[in-house]
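Source file: query_39.tsv; contents: TSV, C-alpha atoms.
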```
chain	number	residue	atom	x	y	z
Z	1029	MET	CA	78.27	115.96	76.03
Z	1030	LYS	CA	76.88	113.92	78.90
Z	1031	GLY	CA	76.97	110.83	76.71
Z	1032	TYR	CA	80.67	111.27	76.02
Z	1033	LYS	CA	81.43	111.94	79.66
Z	1034	ALA	CA	79.49	108.86	80.74
Z	1035	ALA	CA	81.41	106.75	78.22
Z	1036	ILE	CA	84.74	108.09	79.49
Z	1037	ILE	CA	83.78	107.35	83.11
Z	1038	ILE	CA	82.66	103.81	82.27
Z	1039	LEU	CA	85.71	102.98	80.14
Z	1040	SER	CA	88.12	104.45	82.71
Z	1041	ILE	CA	86.67	102.44	85.59
Z	1042	ILE	CA	86.58	99.21	83.57
Z	1043	LEU	CA	90.19	99.67	82.40
Z	1044	ILE	CA	91.48	100.38	85.91
Z	1045	ASP	CA	89.41	97.54	87.38
Z	1046	GLN	CA	90.55	94.99	84.82
Z	1047	ALA	CA	94.18	96.16	84.90
Z	1048	THR	CA	94.37	95.65	88.67
Z	1049	LYS	CA	92.61	92.28	88.50
Z	1050	ILE	CA	94.78	90.96	85.67
Z	1051	TRP	CA	97.92	92.14	87.46
Z	1052	VAL	CA	96.90	90.43	90.71
Z	1053	LYS	CA	95.83	87.25	88.92
Z	1054	SER	CA	99.07	87.15	86.89
Z	1055	ASN	CA	101.48	87.97	89.74
Z	1056	MET	CA	100.01	86.60	92.98
Z	1057	MET	CA	98.88	83.26	94.34
Z	1058	LEU	CA	95.54	82.94	96.06
Z	1059	SER	CA	95.69	84.33	99.64
Z	1060	GLN	CA	99.03	86.03	99.00
Z	1061	GLU	CA	99.18	89.60	100.23
Z	1062	TYR	CA	101.32	92.72	100.25
Z	1063	ILE	CA	101.16	94.92	103.34
Z	1064	ILE	CA	101.24	98.49	102.06
Z	1065	THR	CA	100.50	100.14	105.42
Z	1066	ASP	CA	99.02	99.01	108.74
Z	1067	TRP	CA	95.58	99.90	107.39
Z	1068	PHE	CA	95.89	98.92	103.71
Z	1069	ARG	CA	96.78	95.58	102.17
Z	1070	ILE	CA	96.68	93.99	98.74
Z	1071	HIS	CA	95.24	90.56	99.53
Z	1072	PHE	CA	94.36	88.24	96.65
Z	1073	THR	CA	91.09	86.41	97.05
Z	1074	GLU	CA	88.40	85.19	94.68
Z	1075	ASN	CA	84.69	84.74	95.11
Z	1076	PRO	CA	81.93	83.40	92.86
Z	1077	GLY	CA	79.42	85.96	93.96
Z	1078	MET	CA	78.47	89.50	94.71
Z	1079	ALA	CA	80.22	92.58	96.04
Z	1080	PHE	CA	82.52	92.48	99.08
Z	1081	GLY	CA	82.92	88.72	99.12
Z	1082	MET	CA	79.24	87.81	99.45
Z	1083	MET	CA	78.36	84.76	97.38
Z	1084	LEU	CA	75.92	82.15	96.18
Z	1085	PRO	CA	77.59	78.73	96.27
Z	1086	GLY	CA	77.92	76.12	93.57
Z	1087	VAL	CA	77.90	76.13	89.78
Z	1088	TRP	CA	74.26	77.16	89.63
Z	1089	GLY	CA	75.01	80.08	91.94
Z	1090	LYS	CA	77.76	81.25	89.59
Z	1091	LEU	CA	75.56	80.88	86.53
Z	1092	PHE	CA	72.68	82.69	88.20
Z	1093	LEU	CA	74.88	85.62	89.18
Z	1094	SER	CA	76.51	85.80	85.74
Z	1095	ILE	CA	73.11	85.87	84.03
Z	1096	PHE	CA	71.84	88.38	86.60
Z	1097	ARG	CA	74.85	90.63	85.93
Z	1098	LEU	CA	74.23	90.40	82.19
Z	1099	PHE	CA	70.61	91.50	82.56
Z	1100	ALA	CA	71.66	94.20	85.03
Z	1101	VAL	CA	74.21	95.58	82.56
Z	1102	VAL	CA	71.69	95.57	79.68
Z	1103	GLY	CA	69.13	97.31	81.89
Z	1104	GLY	CA	71.78	99.73	83.14
Z	1105	VAL	CA	72.78	100.72	79.59
Z	1106	TRP	CA	69.13	101.32	78.69
Z	1107	TYR	CA	68.52	103.39	81.82
Z	1108	LEU	CA	71.69	105.43	81.39
Z	1109	ARG	CA	70.74	106.29	77.81
Z	1110	LYS	CA	67.29	107.26	79.06
Z	1111	ILE	CA	68.48	109.68	81.74
Z	1112	ILE	CA	71.05	111.21	79.39
Z	1113	TYR	CA	68.32	111.81	76.80
Z	1114	GLU	CA	66.13	113.33	79.52
Z	1115	LYS	CA	69.01	115.65	80.52
Z	1116	ALA	CA	69.21	114.38	84.08
Z	1117	HIS	CA	71.48	116.08	86.63
Z	1118	TRP	CA	75.14	115.59	85.65
Z	1119	ALA	CA	76.02	114.11	89.05
Z	1120	PHE	CA	73.21	111.55	88.69
Z	1121	VAL	CA	74.55	110.56	85.27
Z	1122	THR	CA	78.02	110.24	86.81
Z	1123	ALA	CA	76.78	108.06	89.68
Z	1124	ALA	CA	74.73	105.85	87.33
Z	1125	SER	CA	77.78	105.50	85.07
Z	1126	MET	CA	79.87	104.35	88.04
Z	1127	VAL	CA	77.32	101.72	89.02
Z	1128	LEU	CA	77.08	100.47	85.44
Z	1129	ALA	CA	80.87	100.36	85.05
Z	1130	GLY	CA	81.22	98.37	88.26
Z	1131	ALA	CA	78.60	95.87	87.13
Z	1132	MET	CA	80.41	95.51	83.80
Z	1133	GLY	CA	83.77	95.01	85.51
Z	1134	ASN	CA	82.55	92.13	87.67
Z	1135	MET	CA	80.57	90.69	84.76
Z	1136	ILE	CA	83.81	90.39	82.77
Z	1137	ASP	CA	85.37	88.31	85.56
Z	1138	GLY	CA	82.38	86.01	85.87
Z	1139	THR	CA	82.01	85.56	82.12
Z	1140	PHE	CA	85.61	85.18	80.90
Z	1141	TYR	CA	88.12	84.57	83.71
Z	1142	GLY	CA	87.26	80.89	84.10
Z	1143	VAL	CA	88.18	80.36	80.46
Z	1144	ILE	CA	91.25	82.59	80.03
Z	1145	PHE	CA	93.03	81.93	83.35
Z	1146	SER	CA	94.37	78.80	85.03
Z	1147	GLU	CA	93.99	78.09	88.75
Z	1148	SER	CA	95.56	80.36	91.36
Z	1149	HIS	CA	95.78	77.79	94.16
Z	1150	HIS	CA	99.45	77.40	95.23
Z	1151	GLN	CA	100.59	78.91	91.95
Z	1152	VAL	CA	100.46	82.09	89.90
Z	1153	ALA	CA	97.79	81.76	87.23
Z	1154	GLN	CA	98.65	81.68	83.56
Z	1155	LEU	CA	96.79	83.76	81.01
Z	1156	PHE	CA	95.41	81.66	78.13
Z	1157	PRO	CA	96.88	78.36	79.39
Z	1158	ALA	CA	97.37	75.63	76.79
Z	1159	GLU	CA	95.34	73.15	78.84
Z	1160	GLY	CA	92.42	75.54	79.15
Z	1161	GLY	CA	91.04	77.61	81.99
Z	1162	TYR	CA	89.94	76.59	85.47
Z	1163	SER	CA	86.24	76.71	84.64
Z	1164	GLY	CA	83.70	77.30	81.87
Z	1165	TRP	CA	82.00	80.30	80.36
Z	1166	MET	CA	80.03	82.38	82.88
Z	1167	GLN	CA	81.52	80.37	85.75
Z	1168	GLY	CA	84.54	82.52	86.51
Z	1169	LEU	CA	85.48	83.84	89.94
Z	1170	VAL	CA	85.57	87.54	90.72
Z	1171	VAL	CA	89.02	88.79	91.72
Z	1172	ASP	CA	89.18	90.89	94.90
Z	1173	MET	CA	92.27	92.47	96.39
Z	1174	LEU	CA	91.63	95.73	98.29
Z	1175	TRP	CA	91.61	95.29	102.07
Z	1176	PHE	CA	91.41	98.15	104.55
Z	1177	PRO	CA	91.62	96.78	108.12
Z	1178	LEU	CA	91.41	100.26	109.62
Z	1179	PHE	CA	91.08	99.08	113.20
Z	1180	HIS	CA	90.27	95.93	115.14
Z	1181	GLY	CA	89.70	94.75	118.68
Z	1182	PHE	CA	87.13	93.10	120.91
Z	1183	TRP	CA	83.60	94.17	121.68
Z	1184	PRO	CA	83.05	95.17	125.33
Z	1185	GLU	CA	81.53	92.36	127.38
Z	1186	TRP	CA	78.39	94.41	128.04
Z	1187	VAL	CA	77.44	94.66	124.34
Z	1188	PRO	CA	74.47	92.31	123.69
Z	1189	PHE	CA	75.05	89.25	121.47
Z	1190	VAL	CA	78.63	90.17	120.42
Z	1191	GLY	CA	80.21	91.04	123.78
Z	1192	GLY	CA	83.78	89.75	123.92
Z	1193	ASP	CA	83.87	88.82	120.22
Z	1194	TYR	CA	86.68	89.94	117.94
Z	1195	PHE	CA	85.83	92.54	115.31
Z	1196	GLU	CA	87.65	94.16	112.42
Z	1197	PHE	CA	86.72	97.24	110.45
Z	1198	PHE	CA	86.78	97.11	107.48
Z	1199	ARG	CA	86.92	93.30	107.08
Z	1200	PHE	CA	85.57	93.02	103.52
Z	1201	ILE	CA	87.99	92.53	100.63
Z	1202	PHE	CA	86.80	94.16	97.42
Z	1203	ASN	CA	87.87	95.48	94.03
Z	1204	ILE	CA	87.63	98.67	91.98
Z	1205	ALA	CA	84.31	97.58	90.44
Z	1206	ASP	CA	82.78	97.06	93.90
Z	1207	ALA	CA	84.06	100.46	94.99
Z	1208	ALA	CA	82.53	102.12	91.91
Z	1209	ILE	CA	79.15	100.48	92.53
Z	1210	THR	CA	79.13	101.42	96.21
Z	1211	THR	CA	80.25	104.99	95.60
Z	1212	GLY	CA	77.65	105.49	92.87
Z	1213	VAL	CA	74.85	104.12	95.05
Z	1214	ILE	CA	75.90	106.30	98.01
Z	1215	ILE	CA	75.91	109.42	95.81
Z	1216	ILE	CA	72.42	108.61	94.55
Z	1217	LEU	CA	71.10	107.98	98.07
Z	1218	LEU	CA	72.67	111.13	99.53
Z	1219	PHE	CA	71.51	113.44	96.76
Z	1220	GLN	CA	68.26	111.83	95.68
Z	1221	GLY	CA	66.42	114.96	96.78
Z	1222	VAL	CA	68.38	116.91	94.16
Z	1223	PHE	CA	68.32	114.26	91.45
Z	1224	PHE	CA	64.63	113.40	91.67
Z	1225	LYS	CA	63.06	116.71	92.60
Z	1226	ASP	CA	59.94	117.65	90.72
Z	1227	ASN	CA	60.32	119.69	87.59
Z	1228	PRO	CA	58.81	123.11	88.39
Z	1229	GLU	CA	57.00	123.02	85.06
Z	1230	ASP	CA	55.29	119.77	86.06
Z	1231	VAL	CA	54.09	121.01	89.44
Z	1232	VAL	CA	50.52	122.26	89.33
Z	1233	ALA	CA	50.07	125.38	91.41
Z	1234	PRO	CA	47.41	125.02	94.12
Z	1235	ASN	CA	44.06	126.63	93.40
Z	1236	THR	CA	43.76	129.57	95.76
Z	1237	ALA	CA	40.43	130.75	94.45
Z	1238	GLN	CA	37.69	130.84	97.08
```
Now that the file is in, can you turn its structure into structure tokens?
Amino acid sequence: MKGYKAAIIILSIILIDQATKIWVKSNMMLSQEYIITDWFRIHFTENPGMAFGMMLPGVWGKLFLSIFRLFAVVGGVWYLRKIIYEKAHWAFVTAASMVLAGAMGNMIDGTFYGVIFSESHHQVAQLFPAEGGYSGWMQGLVVDMLWFPLFHGFWPEWVPFVGGDYFEFFRFIFNIADAAITTGVIIILLFQGVFFKDNPEDVVAPNTAQ
């Protein structure tokens, strides 16, 4: 049953991730935003790189990250099958499925979006434009849109290095795939003592004989 549950988790995250990205790409121009509340905005941005807007510049940076994502997804599928076969803790399987789904979601952007979408600069992108996409295979930009500027202000003057500087939390703009990866990693880190504890059958009892 864990295999079916993992598949449902992965497919659900990918569908939600891609649905939100395609909607944003098809209805908003780059840098356009909708203010939902004071602390939540839909802000359309794109990046050629990693989670939360981090990036490696240039065509080679895009290609490297696309290839890296592909290998990461292949390795993730293999590892997920392995832990399911080994009957790992259900929460560990869930967290690993979330990480894998997030990697797949961003891989889809990097692999296909440059080919199937037109530019979003000063215009709403078209899906499958007659003149072709804005880039080539594996050179697409990852669509980000979730922005939670929970609070902002200025560092006190007495704080070393950043005193007086403006700050904003949370300044990163991300997507559903990024959120799935981060949540899965946090679950694994918080509960690693449960997920990776020794099997009692594998623990050799200490020799108490004198």
Next item on the list: Excluding Gly1181 in chain Z and any residue of its chain fewer than 3 positions from it, enumerate the residues within 10 Å of it, using only C-alpha atoms, and give them as JSON, numbers by chain.
Entry: {"Z": [1184, 1192, 1193, 1194, 1195, 1196, 1197]}
Using all atoms listed in the file, tabulate the residues of range 1094-1143 of chain Z lying at most 8 Å from any atom of range 1038-1043 of chain Z, each with its closest atom pair and that distance in Å to one decimal, by chain and increasing residue number, as CSV.
```
residue,atom,partner,partner_atom,distance
Z:Ser1125,CA,Z:Ile1038,CA,5.9
Z:Met1126,CA,Z:Ile1038,CA,6.4
Z:Leu1128,CA,Z:Ile1038,CA,7.2
Z:Ala1129,CA,Z:Ile1038,CA,4.8
Z:Gly1130,CA,Z:Ile1042,CA,7.2
Z:Met1132,CA,Z:Ile1042,CA,7.2
Z:Gly1133,CA,Z:Ile1042,CA,5.4
```
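If only C-alpha atoms are the atoms counted, then among Z:Ile1070, Z:Gly1103, Z:Phe1219, Z:Ser1148 the closest residue to Gly1161 in chain Z is Z:Ser1148.
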Note to self: One number please: CA of Thr1122 in chain Z to CA of Leu1174 in chain Z, in Å, one decimal.
What the structure shows: 23.0 Å
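If you measure from each of Z:Arg1109, Z:Lys1049, Z:His1071, Z:Lys1033 to Phe1200 in chain Z using all atoms listed in the file, the closest one turns out to be Z:His1071.
For Arg1199 in chain Z, the list of residues within 9 Å, based on all atoms listed in the file and with local chain neighbours fewer than 4 positions off taken out, reads Z:Trp1175, Z:Phe1176, Z:Pro1177, Z:Leu1178, Z:Phe1195.
In this model, the gap between CA of Val1143 in chain Z and CA of Thr1048 in chain Z comes to 18.4 Å.
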Which centre and which edge lengths, in Å to one decimal, describe the axis-aligned box that holds all listed atoms of range 1130-1133 of chain Z after 6 Å is added on each side, as lines of an AutoDock Vina configuration file?
```
center_x = 81.2
center_y = 96.7
center_z = 86.0
size_x = 17.2
size_y = 15.4
size_z = 16.5
```
Next item on the list: Point out the residue among Z:Leu1217, Z:Ala1116, Z:Ala1035, Z:Val1170 with the least atom-to-atom distance to Asn1075 in chain Z, counting all atoms listed in the file.
Entry: Z:Val1170
